[in-house]
Amino acid sequence: MAEAAQYDVIDTAEELAAACAALAGGTGPVAVDVERASGFRYSQRAYLVQVFRRGAGVFLFDPPALDDLAPLQAAIGDEEWVLHAASQDLPSLRELDLMPPRIFDTELAARLLGWERVGLAAVVEATLGVVLKKEHSAADWSTRPLPQAWLEYAALDVEHLVDVRDALVDALAEAGKTDYAAQEFEATRVREAKPPRAEPWRRLSGLHTVRGRRNLAVARQLWLAREEYAMQQDISPGRLVPDRALVAAVIAAPASKSELAALKAFNGRASRSQLDRWWNAIVAGRESGDLPVERVPSDTLPPPRAWSDRNPEADARLKQARPAVEERAAALSMPTENLLTPETLRRVAWEPPVPADASAIGAALRRLGAREWQIAQTAQIIADAFVQAVQTSDEADEPA
């Protein structure tokens, strides 16, 4: 039996320089992956960056230990980067000033091809017949030193990726979807992060059960206190005190710190060790002169089930257009959301351009971020569906 490969983590400037020289001397595209500590740490920073290139091999970089990854960017910054689910990894890579000039996303390619299973292990097995173990995908990658079994797992995430890419290139060409994929890859590469929410504390799970502006002020202060402590400790906020515990404390309205301590529903690893912090937040919320409004203005559309009452014309348009787009996606052998996102279609149906012809609808789709291939495939279909919706409504209104 062949002895398992041993992997080392690159954590010094000298090792970085040697690895970058080897990568620069390799050939072809570069496979890149990132491991984070989601659910364990406060940040979404990269705790391991894996890189593979033919003729060079696999290299595992330790970003927290390396002050500057500019040599890595210089070594591979002119090549195509192959990633799986690139939208998840690109933000962490950008934090390290690692930015690809172009990408190939193996997950997105599999989606465009209509594959039912698009996880990395499934795609590797479908293209190469290689079975990957995924037992460490949810590990705490901030752990040091990293176990050898984890390093092997991380290395295998990139070791086969270039071969997978080559197989998918052929499959996309055979399906006539090479241009679709290129547009999707570029849109993913340049997509900007969503701006931060104005009131992120409103993301508290269970906040809808809290009544009254004063109680909302208490919930806000508890959330802010937890965020501050989580940032200081670099620990995921939910691991300190879960959302449900913060909401339980708000609803219980304890009259004293001892009552808060006695509240069983207020739990979590830091619920008692930081009791002063939480009680002070409750007091600050109760004394705040800045009370949050109960309902905030939003550009979120109402759920489609409410459209028939809120906007009957839009409801008719959506009911005609949605199955037409779904039928087109089925003809293209891809998920409907990859042909056109449901949110994009809903927005055009809710407030269509005037006139609602294919050209104007195409322009509206473009403003909403649709790619040119998506517009070419759907604009006329949507325009026809909107016309049909009006005709159907007129026929329903005619007297018998």
# chains A, B, ... in the order shown; residues from 1 in each chain; ligands from 1
$ select_by_dssp --residues "stretch 10-184 of chain A" --states "alpha helix (DSSP H)" --output "ChimeraX atom specification"
/A:13-24,70-76,86-95,106-112,120-128,148-159,161-175,178-184
$ closest_residue --among "A:Val34, A:Val58, A:Phe52, A:Gly238" --to "A:Ala5" --atoms "only C-alpha atoms"
A:Val58
$ closest_residue --among "A:Ala13, A:Trp373, A:Pro342, A:Ala138" --to "A:Thr178" --atoms "only C-alpha atoms"
A:Trp373
$ closest_residue --among "A:Phe104, A:Trp279, A:Phe59, A:Phe40" --to "A:Arg165" --atoms "only C-alpha atoms"
A:Phe104
$ closest_residue --among "A:Val82, A:Ala261, A:Ile361, A:Leu128" --to "A:Leu275" --atoms "only C-alpha atoms"
A:Ala261
$ residues_around --residues "A:Arg53" --least-positions-apart "5" --cutoff "7 Å" --atoms "only C-alpha atoms" --output "PyMOL selection string"
chain A and resi 23+26-27+29-31+58
$ write_last_selection --atoms "C-alpha atoms" --output "CSV table (one decimal), in the first residue's frame"
chain,number,residue,atom,x,y,z
A,23,LEU,CA,4.0,27.9,-9.0
A,26,GLY,CA,4.1,25.6,-13.5
A,27,THR,CA,1.8,25.4,-16.5
A,29,PRO,CA,-4.7,27.2,-15.0
A,30,VAL,CA,-4.3,27.5,-11.2
A,31,ALA,CA,-6.7,25.7,-8.8
A,58,VAL,CA,-0.1,21.5,-4.2
$ closest_residue --among "A:Ile235, A:Val250, A:Leu16, A:Ala245" --to "A:Ala217" --atoms "only C-alpha atoms"
A:Val250
$ atom_distance --atom1 "atom CA of A:Pro237" --atom2 "atom CA of A:Pro147"
25.7 Å
$ residues_around --residues "A:Gln148" --least-positions-apart "6" --cutoff "9 Å" --atoms "only C-alpha atoms" --output "list in words"
Gln6, Tyr7 and Asp8 of chain A
$ closest_residue --among "A:Ala262, A:Leu120, A:Leu69, A:Ile251" --to "A:Arg94" --atoms "only C-alpha atoms"
A:Leu69
